[in-house]
Amino acid sequence: MKKFRLLFAVLFVFSVFLTACNSNNESSGTGDNGKETSSKLEIFSWWTGAGEEDGLLALIDLFEKKYPEIEVENAAVAGGAGTNAKAVLASRMQGDDPPSTFQVHGGEELNASWVAAGKMEPLNDLYEKEGWNDKFPQDLIDMVSVDGNIYSVPVNIHRSNVLWYNKKIFEENGLSVPTTFDEFFDVAEQLKEKGITPLALGDKEPWTATHVFENILLAKLGPENYGKLWTGELSFTDNRVVEAAEIFKEMLNYINDDHSSRNWQDASQLVANGEAAMNIMGDWAKGYFVNDLQLKVNEDFGYVPSPETDGYFMVVTDTFGLPKGVKNPDDVKKFLSVLGSVEGQDVFNPLKGSIPARIDADKSKYDEYGQDAMADFSSSTLAPSLAHGSAAPEGFLTRVNQAINIFVTQKDVDQFIDALETAAQDL
Ligand code: BGC
């Protein structure tokens, strides 16, 4: 009998210990419907480190002030443009183990991957409740909708077609910033003669090369024909696509030798340091220049649309949604409400380098670059980015990234066009 009492006592103490451990790991709160929720709010993204995480941390901070009872887990997986995060996410989604909410680009990355697979909850009620239907540009709502259902909330709008340049290099060498490809090659030649790397590239992760190439495609095709590439209405064997590939090939004569060992931050750093004159990158580079390198907009670095894309705006929008089957949907909706609020967007975007997705954000919170990007967004023709998941399904993008990776070393235009055309058969 004594032995049994001892055994019960041990088991009791052990179960109390386990419960305590469990409640250390998980928060509990009361959902909108009055039910107990008992899971951390796991926010999955690829915003880690230099130039990437400041906006996210500020947003989490704001959320925690509003909802101190909800425990947040920042589950970011490093790697530019989601290089690693997207693979981790795919295996979790396939295993029915979704994060509470995750970063996903509006457009095909959301719609063809997760909505089509029935993995996302519609958020029309949340949009209705928050009065969001006329607070986000219709173009953005369309990018996150399928058949009238809205599946995620955009936190930002990044511009991908930006050429960043080191002001001092241009001033000291009496050069004008190029706006056409002819001007670009003219300037690049002069810089090369002076021993300055004209264009910084960091294609350790191949998406950065796709990023440059898509902006050449946009320049040569214009938004309408560029859009036809993803619907199969325009072939990759079109002369203008071939011309874009030729231009990209020529650009590769002006990049840094160590491009394949650098990531996007390392490449941007070359421009910041004055080791390279220009790079073509999305405006997360501005977040990196300003937050991490303490550079000043329009003093240390300048910006223009990438060659021949003035009047066009290559859109990259980061959005978050509600996966089906999460334990804490009410907490997720609270996070989405903060992320979609004016306050949330204005805490996040000035740090991230992007502009707010909402049309009624406080413009005074943004620097000169942000103000220019906002004006350009409303006056430009928009085009969805391929490199950042919006234009075409993930499987196609993976094949383009592989083709471009080979192209950067082999520089074989015919082989590259063939590879694109073959990949396009699955579109
Ligand atoms: C994302 C940005 C991010 C960039 C670099 C893009 O795909 O939309 O938010 O800063 O990748 O990682």
# chains A, B, ... in the order shown; residues from 1 in each chain; ligands from 1
call {"tool": "residues_near_ligand", "arguments": {"ligand": "ligand 1", "cutoff": "7 Å", "atoms": "only C-alpha atoms and all ligand atoms", "output": "list of chain:residue names"}}
result
A:Trp46, A:Trp47, A:Glu52, A:Gly79, A:Gly80, A:Ala81, A:Gly82, A:His105, A:His158, A:Trp284, A:Val316, A:Thr317, A:Asp318, A:His388
call {"tool": "select_by_dssp", "arguments": {"residues": "range 97-242 of chain A", "states": "alpha helix (DSSP H)", "output": "PyMOL selection string"}}
result
chain A and resi 108+124-130+138-143+167-172+181-193+207-228+239-242
call {"tool": "closest_residue", "arguments": {"among": "A:Thr237, A:Asn401, A:Thr409, A:Gln103", "to": "Pro206 in chain A", "atoms": "only C-alpha atoms"}}
result
A:Asn401
call {"tool": "residues_around", "arguments": {"residues": "Leu56 in chain A", "least_positions_apart": "5", "cutoff": "9 Å", "atoms": "only C-alpha atoms", "output": "number ranges by chain"}}
result
A: 47-48, 61, 74, 348, 351-352
call {"tool": "residues_around", "arguments": {"residues": "Gly148 in chain A", "least_positions_apart": "6", "cutoff": "10 Å", "atoms": "only C-alpha atoms", "output": "JSON, numbers by chain"}}
result
{"A": [122, 124, 141, 142]}
